[in-house]
$ cat structure35.txt   # compact mmCIF, C-alpha atoms
# COMPACT_ATOMS: atom_id res chain seq x y z
CA MET A 1 129.84 111.23 94.86
CA THR A 2 129.44 114.82 96.08
CA LYS A 3 129.43 116.05 92.49
CA LYS A 4 126.63 113.63 91.57
CA LEU A 5 124.54 114.68 94.55
CA ARG A 6 125.01 118.32 93.53
CA ILE A 7 123.59 117.48 90.09
CA TYR A 8 120.44 115.91 91.55
CA ARG A 9 119.95 118.69 94.11
CA ALA A 10 118.00 120.61 91.45
CA PHE A 11 115.48 117.76 91.20
CA LEU A 12 115.17 117.68 95.00
CA SER A 13 114.45 121.40 94.98
CA ALA A 14 111.94 120.98 92.14
CA GLY A 15 110.02 118.42 94.18
CA MET A 16 109.84 120.77 97.17
CA GLN A 17 108.77 123.67 94.99
CA GLU A 18 106.03 121.55 93.42
CA VAL A 19 104.32 121.13 96.81
CA SER A 20 104.58 124.83 97.67
CA THR A 21 103.49 125.99 94.19
CA TYR A 22 100.53 123.62 93.85
CA ARG A 23 99.65 123.74 97.54
CA VAL A 24 95.89 123.85 96.97
CA ASN A 25 96.09 120.64 94.95
CA TRP A 26 98.23 119.08 97.70
CA ILE A 27 95.74 120.18 100.39
CA PHE A 28 92.80 118.64 98.52
CA TYR A 29 94.78 115.45 97.91
CA MET A 30 95.60 115.08 101.61
CA ALA A 31 92.04 116.00 102.58
CA GLY A 32 90.79 113.18 100.35
CA ASN A 33 93.13 110.73 102.09
CA VAL A 34 91.95 111.93 105.51
CA MET A 35 88.33 111.41 104.46
CA ALA A 36 89.14 107.87 103.27
CA CYS A 37 90.81 107.23 106.63
CA PHE A 38 87.70 108.30 108.54
CA VAL A 39 85.48 106.21 106.25
CA SER A 40 87.56 103.17 107.27
CA TYR A 41 87.24 104.21 110.90
CA PHE A 42 83.44 104.33 110.79
CA ILE A 43 83.23 101.04 108.88
CA TRP A 44 85.37 99.17 111.40
CA LYS A 45 83.57 100.82 114.30
CA ALA A 46 80.27 99.55 112.89
CA VAL A 47 81.77 96.05 112.48
CA PHE A 48 82.85 95.90 116.13
CA LEU A 49 79.61 97.38 117.48
CA SER A 50 77.53 94.90 115.47
CA GLY A 51 79.36 91.90 116.97
CA ASN A 52 79.20 90.39 120.44
CA ASN A 53 82.96 89.98 120.89
CA ASN A 54 85.34 92.57 122.29
CA SER A 55 88.04 91.54 119.85
CA LEU A 56 88.27 90.44 116.23
CA ASN A 57 91.19 88.31 115.05
CA GLY A 58 93.26 89.54 117.97
CA PHE A 59 92.35 93.22 117.47
CA THR A 60 90.25 95.13 119.98
CA MET A 61 88.27 98.10 118.70
CA SER A 62 90.82 100.53 120.17
CA GLN A 63 93.71 98.66 118.53
CA MET A 64 91.91 98.64 115.19
CA ILE A 65 91.26 102.39 115.33
CA VAL A 66 94.92 103.05 116.12
CA TYR A 67 95.86 100.66 113.29
CA ILE A 68 93.71 102.61 110.82
CA PHE A 69 95.29 105.96 111.68
CA LEU A 70 98.79 104.47 111.75
CA MET A 71 98.18 102.94 108.32
CA PHE A 72 97.21 106.38 107.02
CA LEU A 73 100.36 107.92 108.52
CA THR A 74 102.58 105.17 107.11
CA SER A 75 101.07 105.12 103.62
CA THR A 76 101.50 108.91 103.45
CA MET A 77 105.19 108.58 104.30
CA THR A 78 105.92 105.64 101.99
CA SER A 79 103.71 106.39 98.96
CA SER A 80 105.32 106.74 95.54
CA GLY A 81 103.85 108.04 92.28
CA GLY A 82 106.52 106.79 89.89
CA THR A 83 104.13 104.63 87.88
CA TYR A 84 101.75 107.49 87.10
CA ASP A 85 104.56 109.93 86.28
CA ILE A 86 106.30 107.57 83.88
CA GLY A 87 103.02 106.72 82.16
CA GLU A 88 102.19 110.41 81.67
CA GLU A 89 105.66 111.24 80.32
CA ILE A 90 105.45 108.44 77.78
CA ARG A 91 101.91 109.45 76.80
CA ASP A 92 102.77 113.12 76.16
CA GLY A 93 106.31 112.56 74.89
CA THR A 94 108.18 114.57 77.55
CA ILE A 95 110.16 111.46 78.45
CA ALA A 96 112.38 112.20 75.44
CA MET A 97 113.71 115.34 77.10
CA ARG A 98 114.50 113.49 80.33
CA MET A 99 116.25 110.62 78.55
CA ILE A 100 118.64 112.78 76.52
CA LYS A 101 120.14 114.26 79.71
CA PRO A 102 123.43 112.65 80.85
CA ILE A 103 122.01 111.60 84.22
CA SER A 104 120.25 108.59 85.68
CA TYR A 105 116.58 108.41 84.69
CA ASN A 106 115.63 106.61 87.93
CA ALA A 107 117.61 109.02 90.11
CA THR A 108 115.83 112.07 88.68
CA PHE A 109 112.48 110.59 89.71
CA LEU A 110 113.83 109.55 93.12
CA PHE A 111 115.22 112.97 94.06
CA GLN A 112 112.22 114.85 92.71
CA GLU A 113 109.89 112.64 94.71
CA LEU A 114 112.10 112.94 97.81
CA GLY A 115 111.73 116.73 97.63
CA ASN A 116 107.97 116.30 97.55
CA LYS A 117 108.16 113.78 100.42
CA ILE A 118 110.33 116.06 102.59
CA MET A 119 107.76 118.84 102.38
CA THR A 120 104.90 116.46 103.14
CA ILE A 121 106.65 114.95 106.15
CA CYS A 122 107.69 118.33 107.54
CA LEU A 123 104.10 119.56 107.34
CA LEU A 124 102.33 116.42 108.57
CA ILE A 125 104.55 114.11 110.61
CA ILE A 126 104.36 115.95 113.95
CA PRO A 127 100.58 116.60 114.01
CA MET A 128 99.87 113.09 112.72
CA VAL A 129 102.03 111.38 115.36
CA ILE A 130 100.48 113.55 118.08
CA GLY A 131 97.02 112.63 116.76
CA VAL A 132 97.81 108.89 116.79
CA GLU A 133 99.21 109.06 120.32
CA ALA A 134 96.20 111.08 121.48
CA VAL A 135 93.91 108.33 120.19
CA ARG A 136 95.99 105.68 121.98
CA TYR A 137 95.95 107.67 125.21
CA ASN A 138 92.20 108.15 124.94
CA PHE A 139 91.63 104.39 124.86
CA THR A 140 94.33 103.19 127.26
CA GLY A 141 94.62 106.10 129.70
CA GLU A 142 98.43 106.09 129.51
CA VAL A 143 101.14 107.38 127.18
CA GLN A 144 102.41 104.51 125.03
CA PHE A 145 104.85 106.42 122.83
CA GLU A 146 108.33 104.86 122.81
CA ILE A 147 111.12 106.78 121.14
CA THR A 148 113.07 103.59 120.31
CA ASN A 149 110.08 102.03 118.56
CA PHE A 150 109.45 105.28 116.71
CA LEU A 151 113.04 105.54 115.44
CA ILE A 152 112.99 101.92 114.24
CA TYR A 153 109.61 102.67 112.65
CA VAL A 154 111.21 105.57 110.75
CA VAL A 155 114.01 103.28 109.49
CA SER A 156 111.37 100.75 108.42
CA CYS A 157 109.47 103.52 106.60
CA VAL A 158 112.64 104.46 104.69
CA PHE A 159 113.00 100.84 103.55
CA ALA A 160 109.27 100.74 102.73
CA TYR A 161 109.51 103.88 100.63
CA LEU A 162 112.48 102.53 98.65
CA ILE A 163 110.62 99.25 98.04
CA ASN A 164 107.57 101.20 96.88
CA PHE A 165 109.65 103.50 94.68
CA PHE A 166 111.59 100.76 92.88
CA PHE A 167 108.45 98.63 92.50
CA ASN A 168 106.49 101.54 91.00
CA ILE A 169 109.38 102.47 88.71
CA SER A 170 109.63 98.87 87.51
CA PHE A 171 105.88 98.69 86.95
CA GLY A 172 105.92 102.07 85.22
CA PHE A 173 108.37 100.80 82.62
CA ILE A 174 105.54 98.61 81.28
CA ALA A 175 104.26 101.82 79.69
CA PHE A 176 107.22 101.62 77.30
CA VAL A 177 105.37 98.68 75.73
CA ILE A 178 101.63 99.26 76.32
CA LYS A 179 101.89 103.09 76.00
CA TYR A 180 99.30 104.05 78.66
CA LEU A 181 99.09 102.88 82.26
CA TRP A 182 95.98 104.43 83.78
CA GLY A 183 93.91 101.22 83.90
CA ALA A 184 96.85 98.98 84.83
CA ASN A 185 97.88 101.43 87.56
CA MET A 186 94.37 101.39 89.07
CA MET A 187 94.42 97.59 89.16
CA LYS A 188 97.92 97.58 90.66
CA ASN A 189 96.91 100.03 93.41
CA CYS A 190 93.94 97.86 94.40
CA ILE A 191 96.06 94.69 94.59
CA VAL A 192 98.89 96.40 96.49
CA GLY A 193 96.43 98.05 98.88
CA PHE A 194 95.03 94.65 99.81
CA LEU A 195 98.36 92.79 100.04
CA SER A 196 100.01 95.58 102.08
CA GLY A 197 97.38 95.44 104.83
CA THR A 198 95.84 98.81 103.99
CA VAL A 199 92.34 97.39 103.44
CA ILE A 200 92.38 94.83 106.26
CA PRO A 201 95.19 93.65 108.58
CA LEU A 202 97.00 90.65 107.12
CA SER A 203 96.30 88.72 110.34
CA PHE A 204 92.65 88.57 109.21
CA LEU A 205 93.62 86.35 106.26
CA PRO A 206 93.75 82.53 106.43
CA SER A 207 96.97 81.36 108.06
CA GLY A 208 98.57 80.00 104.87
CA LEU A 209 97.70 83.09 102.82
CA GLU A 210 98.93 85.38 105.61
CA LYS A 211 102.34 83.67 105.64
CA ILE A 212 102.66 84.06 101.87
CA CYS A 213 101.64 87.74 101.99
CA LEU A 214 104.16 88.46 104.76
CA LEU A 215 106.96 87.16 102.53
CA LEU A 216 105.94 89.33 99.58
CA PRO A 217 107.34 92.88 99.28
CA PHE A 218 103.88 94.45 99.67
CA ALA A 219 103.62 93.61 103.39
CA SER A 220 106.84 95.59 103.86
CA LEU A 221 105.20 98.74 102.49
CA ASN A 222 102.73 99.44 105.30
CA TYR A 223 102.01 96.43 107.47
CA THR A 224 105.57 95.88 108.75
CA PRO A 225 106.17 99.54 109.80
CA VAL A 226 102.78 99.66 111.55
CA MET A 227 103.50 96.44 113.48
CA ILE A 228 106.85 97.92 114.52
CA TYR A 229 105.23 101.17 115.71
CA LEU A 230 102.67 99.20 117.74
CA GLY A 231 105.48 97.19 119.35
CA ILE A 232 104.13 93.86 118.05
CA TYR A 233 107.38 93.03 116.23
CA LYS A 234 110.19 92.72 118.78
CA GLY A 235 113.56 91.03 119.17
CA SER A 236 114.43 88.45 116.53
CA THR A 237 111.05 88.97 114.80
CA LEU A 238 111.84 92.67 114.40
CA LEU A 239 115.29 91.95 112.94
CA TYR A 240 113.80 89.37 110.58
CA TYR A 241 111.26 91.76 109.08
CA LEU A 242 113.77 94.62 108.82
CA GLY A 243 116.12 92.21 107.04
CA LEU A 244 113.28 91.15 104.75
CA GLN A 245 112.63 94.79 103.89
CA LEU A 246 116.30 95.35 103.05
CA PHE A 247 116.26 92.19 100.92
CA TRP A 248 113.32 93.49 98.86
CA VAL A 249 114.96 96.91 98.48
CA LEU A 250 118.00 95.27 96.87
CA VAL A 251 115.93 92.85 94.74
CA LEU A 252 113.63 95.56 93.37
CA TRP A 253 116.53 97.96 92.79
CA GLY A 254 118.23 95.30 90.67
CA LEU A 255 114.94 94.48 88.94
CA SER A 256 114.37 98.14 88.06
CA LYS A 257 117.82 98.28 86.42
CA LEU A 258 117.12 95.12 84.41
CA ILE A 259 113.64 96.16 83.27
CA TRP A 260 114.96 99.61 82.29
CA LYS A 261 117.52 98.07 79.93
CA ILE A 262 114.88 95.83 78.36
CA SER A 263 112.02 98.32 78.14
CA THR A 264 113.99 101.19 76.55
CA LYS A 265 114.36 99.04 73.43
CA HIS A 266 110.57 99.22 72.99
CA LEU A 267 110.06 102.96 73.56
CA THR A 268 107.99 104.85 71.00
CA VAL A 269 107.48 108.57 71.71
CA GLN A 270 103.97 109.61 70.69
CA GLY A 271 103.81 113.26 71.70
CA GLY A 272 106.28 116.02 72.55
$ encode --input "structure35.txt" --output "structure tokens"
Amino acid sequence: MTKKLRIYRAFLSAGMQEVSTYRVNWIFYMAGNVMACFVSYFIWKAVFLSGNNNSLNGFTMSQMIVYIFLMFLTSTMTSSGGTYDIGEEIRDGTIAMRMIKPISYNATFLFQELGNKIMTICLLIIPMVIGVEAVRYNFTGEVQFEITNFLIYVVSCVFAYLINFFFNISFGFIAFVIKYLWGANMMKNCIVGFLSGTVIPLSFLPSGLEKICLLLPFASLNYTPVMIYLGIYKGSTLLYYLGLQLFWVLVLWGLSKLIWKISTKHLTVQGG
């Protein structure tokens, strides 16, 4: 086990070096996400100010603003770019070099992305959490940060990231057949963004549709960790949704293995 981890340490290091080497690109990428977050903030603020009610589907304006910033924090921690990377490697032919190495194809992506994620979290997690708590304090007048909730939130984010990673890897293997994934990836991101509660909270959906969405793996990506951070999921409800996340991690891990075996039979290298 230790020997295997030593092999993949190079990919972990490569992911960390990618952030530090292309730091300007990373800064612009994060700046774009921050701008999108503030666009959502102003939209929802306008929605609440235009209505006569103090709450909307159980959310007050202060809760919605905190939700928006928490969703940004969570999606930053749990995002995965496996689909895009696989599509690009198949398009330019570099996948051939990765596949001839006597190591796991999925694991190389996982460790490289983890290196990237470690750098991102180290640079952003503290200021982002402070920012979220400052917003909550500004609206409530009291400190609402709970270390227990935060630690469970971190565990939930780990599950969410693994779900996202294995789902994106599985989706990326479609490129073995259709050759290029840019359009399909854009469509997938829109659907996942809606079903994960990034666009609107899932509680805003009709009751039947909300229950279905909560059972799907997409709710586990962002919505579940945010509800845990806010303290809405507690007790048996908390254990249920953590268990559901773990269930989807195992299902999608197994699915990625199965799709890999099937899709490699259809690989045609075009570039290289």
$ closest_atom_pairs --input "structure35.txt" --of "segment 200-261 of chain A" --to "segment 72-95 of chain A" --cutoff "10 Å" --atoms "all atoms listed in the file" --output "CSV"
residue,atom,partner,partner_atom,distance
A:Leu221,CA,A:Thr78,CA,7.0
A:Asn222,CA,A:Thr74,CA,6.0
A:Tyr223,CA,A:Thr74,CA,8.8
A:Thr224,CA,A:Thr74,CA,9.9
A:Pro225,CA,A:Thr74,CA,7.2
A:Val226,CA,A:Thr74,CA,7.1
A:Tyr229,CA,A:Thr74,CA,9.8
$ residues_around --input "structure35.txt" --residues "Gln17 of chain A" --least-positions-apart "3" --cutoff "12 Å" --atoms "only C-alpha atoms" --output "list in words"
Ala10, Phe11, Leu12, Ser13, Ala14, Ser20, Thr21, Tyr22, Arg23, Trp26, Gln112, Glu113, Leu114, Gly115, Asn116, Lys117, Ile118, Met119 and Thr120 of chain A
$ residues_around --input "structure35.txt" --residues "Thr60 of chain A" --least-positions-apart "2" --cutoff "12 Å" --atoms "only C-alpha atoms" --output "list in words"
Trp44, Lys45, Val47, Phe48, Leu49, Gly51, Asn53, Asn54, Ser55, Leu56, Asn57, Gly58, Ser62, Gln63, Met64, Ile65, Val66, Tyr67, Phe139 and Thr140 of chain A
$ atom_distance --input "structure35.txt" --atom1 "atom CA of Ser220 of chain A" --atom2 "atom CA of Asn189 of chain A"
15.1 Å
$ atom_distance --input "structure35.txt" --atom1 "atom CA of Phe218 of chain A" --atom2 "atom CA of Ser196 of chain A"
4.7 Å
$ closest_residue --input "structure35.txt" --among "A:Ile228, A:Val132, A:Leu215, A:Ala46" --to "Cys157 of chain A" --atoms "all atoms listed in the file"
A:Ile228
$ closest_residue --input "structure35.txt" --among "A:Met71, A:Val177, A:Leu252, A:Met128" --to "Ile200 of chain A" --atoms "only C-alpha atoms"
A:Met71
$ atom_distance --input "structure35.txt" --atom1 "atom CA of Phe28 of chain A" --atom2 "atom CA of Gly15 of chain A"
17.8 Å
$ closest_residue --input "structure35.txt" --among "A:Lys265, A:Arg9, A:Lys188, A:Lys211" --to "Phe109 of chain A" --atoms "all atoms listed in the file"
A:Arg9
$ closest_residue --input "structure35.txt" --among "A:Met30, A:Ile163, A:Cys122, A:Ile130" --to "Leu110 of chain A" --atoms "all atoms listed in the file"
A:Ile163
$ residues_around --input "structure35.txt" --residues "Lys257 of chain A" --least-positions-apart "2" --cutoff "12 Å" --atoms "all atoms listed in the file" --output "PyMOL selection string"
chain A and resi 104-107+166-167+169-171+173+250-255+259-264
